[in-house]
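S.K.: Below you will find the structure I want to go over with you.
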Amino acid sequence: MKPIVTLTLNPSVDGSAETDRVRHTHKIRTSNERYDPGGGGINVARVLQELGAEACAVFAAGGVTGGVLDALVSQRGLAFERIPIHDDTRISHVVYERASGKEYRFVPEGPLLRDGECRAVIEEIAGRDVDWIVASGSLPRGTQPGFYGRIAEIAARKGAKLVLDTSGPALAETLEHGGVHLVKPSQGELEKAVGRRLDGPDAIAEAAMSFVEAGKVALVAVTLGHEGAILASKEGIVRKDVPQVEVRSAVGAGDSFVAGMTFGLATGLSAREAFVLGMAAGTAAVLTPGTELCRREDVERLRHEIGE
C-alpha cells in the first residue's frame with residue numbers, strides 16, 4: 001500500500017498542561033506539560049502511524065515555530081514534507097482544570113498564506129504518487145474556500161480517493177464541487193453546509209444522504225460526540241452508539257476518527273467496518289490526556305465493543 005498523504009494548511013505546535021484551578025489575573029501554575037505536532041492532517045498521520053499504516057504529512061509552516069513543528073514531527077518518526085511560508089506557525093494550548101474537570105482550549109487563527117505558498121502546496125500534492133489523500137483542518141487566511149476543490153481535482157486525475165475534514169465555507173464549497181470520497185462533518189458543520197438546523201438523527205441522516213444521492217461524495221460520516229455517529233452511503237444509513245467512557249480530553253477525537261476510518265478503507269474493510277474502526281479510534285482519543293491521541297490497544301478493544 002502506498003503511503004497515505006495527509007495535508008495540513010494550518011498546523012500548530014500543540015501544548016497541553018494541567019492546573020488545579022483557572023483564575024483570571026493570577027499566575028496559573030501548571031504541571032504535566034506536553035508538546036505535540038498538531039493540526040488536522042498531522043494528527044491524522046500520527047494516528048495512522050499508531051494503527052500501523054505508512055503516512056506522509058504534508059504541511060505549510062514557517063517562522064521559528066515552524067522549525068519547532070518540524071522537530072516535533074521528526075521526534076514522532078513521521079515522514080513529512082514542509083512547505084515553507086513567511087508567517088509564523090501558530091501555537092495552540094490546552095489547559096485541564098482538575099477542580100472542575102473542564103478543559104480550556106486556546107486556538108489562534110494562524111498565519112496568512114500568500115498566493116505563491118498556496119501554489120507550492122498544490123504543486124507538492126500534484127507531484128505525489130498516491131492512492132489516498134486526507135485533507136484535514138481549517139483553511140488559513142489568504143486561502144480561497146475552493147482550495148480543497150482543487151485538491152479534489154488532483155485526486156480525480158490520479159485516480160486517488162480524497163478524504164475531507166474541514167468546516168465553514170471550505171466544506172460547503174468542496175461538497176458542491178464534488179469529487180470527495182469521504183467527508184466527516186460534525187452535526188454543527190453539516191448544519192452550516194446545508195444552511196438549516198437538523199433536529200434529530202433522522203434529519204441528520206437525510207441531509208447526509210442528500211450529498212451521496214447527488215453524487216457529490218461517496219461516504220458521509222457525521223460525528224455526534226457522545227451520541228455516536230451516522231454513516232450515509234449508497235448502501236443506506238448506519239447509526240452507531242459509542243461506549244460510555246471517562247473523558248480525559250476531547251482534543252484530536254475527530255482527527256482520530258478520520259484516521260481510523262481512512263485506515264480501514266485503505267486496507268480493504270467495508271464502509272461499515274471502517275466506520276466502526278473510526279468510531280473506536282475517536283472514542284479511544286478521549287481516553288488520553290491533553291494533546292495525546294488514541295492508543296492502538298484502546299482502539300482494538302473499543303472496536304469489538306462497538307461491534308460490526
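Chain labels run A, B, ... following the order of the C-alpha cells; each chain numbers its residues from 1, and ligands are numbered from 1 in the order shown.
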As a PyMOL selection string, please: the residues near Ala285 of chain A (cut-off 6 Å, only C-alpha atoms, same-chain neighbours under 5 positions excluded).

M.R.: chain A and resi 253+293-294

S.K.: Quick one: everything within 6 Å of segment 105-121 of chain A, counting only C-alpha atoms, minus sequence neighbours fewer than 5 positions away in the same chain. Send it as a list of chain:residue names.

M.R.: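 Skipping anything fewer than 5 positions along the chain leaves A:Asp87, A:Arg90, A:Ser92, A:His93, A:Val94, A:Arg141, A:Gly142.
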
S.K.: Show me, as a list in words, the residues that have an atom within 7 Å of segment 188-203 of chain A when counting only C-alpha atoms, minus same-chain residues fewer than 5 positions from it.

M.R.: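 Final neighbour list, sorted by chain and number: Ser167, Gly168, Leu171 and Ala172 of chain A.
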
S.K.: Take the residues that were just selected and, keeping N, CA, C and O atoms, output them as a PDB file, in the first residue's frame.

M.R.:
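To be explicit, this is the file written out as result-v5.pdb:
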ATOM      1  N   SER A 167     -14.475  22.667   7.696  1.00  0.00           N
ATOM      2  CA  SER A 167     -15.722  23.286   8.133  1.00  0.00           C
ATOM      3  C   SER A 167     -15.966  24.579   7.382  1.00  0.00           C
ATOM      4  O   SER A 167     -15.129  25.020   6.581  1.00  0.00           O
ATOM      5  N   GLY A 168     -17.120  25.197   7.652  1.00  0.00           N
ATOM      6  CA  GLY A 168     -17.439  26.507   7.103  1.00  0.00           C
ATOM      7  C   GLY A 168     -17.537  26.524   5.587  1.00  0.00           C
ATOM      8  O   GLY A 168     -17.885  25.521   4.957  1.00  0.00           O
ATOM      9  N   LEU A 171     -15.949  23.641   3.538  1.00  0.00           N
ATOM     10  CA  LEU A 171     -16.713  22.396   3.475  1.00  0.00           C
ATOM     11  C   LEU A 171     -17.855  22.520   2.478  1.00  0.00           C
ATOM     12  O   LEU A 171     -18.028  21.662   1.606  1.00  0.00           O
ATOM     13  N   ALA A 172     -18.638  23.586   2.600  1.00  0.00           N
ATOM     14  CA  ALA A 172     -19.796  23.759   1.729  1.00  0.00           C
ATOM     15  C   ALA A 172     -19.386  23.820   0.259  1.00  0.00           C
ATOM     16  O   ALA A 172     -20.004  23.169  -0.604  1.00  0.00           O
TER      17      ALA A 172
END

S.K.: Could you state the separation of atom CA of Ala99 of chain A and atom CA of Lys27 of chain A in Å, given to one decimal place?

M.R.: 16.3 Å

S.K.: Please give the complete set of residues from segment 148-251 of chain A that DSSP, run on the backbone, assigns to helix (DSSP H, G or I), formatted as a VMD selection string.

M.R.: chain A and resid 148 to 158 168 to 177 187 to 194 201 to 213 225 to 227

S.K.: Using only C-alpha atoms for the distances, tell me which of A:Thr89, A:Thr223, A:Gln49, A:Gln75 is nearest to Asp36 of chain A.

M.R.: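 Among the listed residues, A:Gln75 lies closest to Asp36 of chain A.
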
S.K.: So which one's closest to Met1 of chain A, A:Ala205, A:Val68, A:Ala266, A:Ala79? Using only C-alpha atoms, please.

M.R.: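 Between A:Ala205, A:Val68, A:Ala266, A:Ala79, the residue approaching Met1 of chain A most closely is A:Ala266.
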
S.K.: Could you jot down the atom CA of Gly66 of chain A to atom CA of Ser186 of chain A separation for me, Å, one decimal place?

M.R.: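 Separating atom CA of Gly66 of chain A from atom CA of Ser186 of chain A is a distance of 29.1 Å.
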
S.K.: Write out as a ChimeraX atom specification the residues lying within 7 Å of Gly41 of chain A, counting only C-alpha atoms and excluding same-chain residues fewer than 3 positions away.

M.R.: /A:6-8,44-45,57,134-137

S.K.: Please provide the set of residues having any atom within 7 Å of segment 125-131 of chain A, restricted to only C-alpha atoms, with same-chain residues fewer than 3 positions apart removed, written as a VMD selection string.

M.R.: chain A and resid 2 to 4 121 to 122 154 160 to 161

S.K.: Quick one: distance from atom CA of Val47 of chain A to atom CA of Lys240 of chain A in Å, one decimal?

M.R.: 21.6 Å

S.K.: Hey, which of A:Leu287, A:Ala170, A:Leu175, A:Ile306 ends up closest to Ala229 of chain A? Count only C-alpha atoms.

M.R.: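 The shortest atom-to-atom distance to Ala229 of chain A comes from A:Ile306.
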
S.K.: When distances are computed from only C-alpha atoms, which of A:Thr143, A:Thr174, A:Ser233, A:Ser74 shows the smallest separation from Arg46 of chain A?

M.R.: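 Of all the options, A:Ser74 lies closest to Arg46 of chain A.
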
S.K.: Can you pull out every residue within 8 Å of Arg82 of chain A, counting only C-alpha atoms, but drop anything in the same chain fewer than 5 positions away, and send it as a VMD selection string?

M.R.: chain A and resid 58 to 61 70

S.K.: Please produce an output containing N, CA, C and O atoms for each residue in the selection, written as a CSV table (one decimal), in the first residue's frame.

M.R.:
chain,number,residue,atom,x,y,z
A,58,VAL,N,2.1,16.3,4.8
A,58,VAL,CA,2.5,17.5,4.0
A,58,VAL,C,1.8,18.7,4.8
A,58,VAL,O,0.6,18.6,5.0
A,59,PHE,N,2.6,19.7,5.1
A,59,PHE,CA,2.0,20.8,5.8
A,59,PHE,C,2.8,22.1,5.5
A,59,PHE,O,3.9,22.1,5.0
A,60,ALA,N,2.1,23.2,5.6
A,60,ALA,CA,2.7,24.5,5.4
A,60,ALA,C,3.0,25.1,6.8
A,60,ALA,O,2.2,25.2,7.6
A,61,ALA,N,4.3,25.5,6.9
A,61,ALA,CA,4.7,26.1,8.2
A,61,ALA,C,5.9,27.0,8.0
A,61,ALA,O,6.6,26.9,7.0
A,70,ASP,N,8.7,21.2,12.9
A,70,ASP,CA,9.5,20.2,12.2
A,70,ASP,C,10.1,19.2,13.2
A,70,ASP,O,10.1,18.0,13.0

S.K.: Choose the residue, out of A:Ile237, A:Cys56, A:Ala274, A:Leu162, that has the smallest atom-to-atom separation from Val212 of chain A; count only C-alpha atoms.

M.R.: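 Of A:Ile237, A:Cys56, A:Ala274, A:Leu162, the one nearest Val212 of chain A is A:Ile237, counting only C-alpha atoms.
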
S.K.: Can you pull out the residues contacting Arg296 of chain A? Cut-off 9 Å, using only C-alpha atoms, and skip same-chain residues under 2 positions away; I want them as number ranges by chain.

M.R.: A: 47, 50-52, 281, 284, 294, 298-301

S.K.: Give the strand (DSSP E or B) residues of segment 47-231 of chain A, as assigned by DSSP on the backbone, as a ChimeraX atom specification.

M.R.: /A:55-62,79-85,90-97,102-106,112,132-136,141,161-165,180-183,186,217-223,229-231
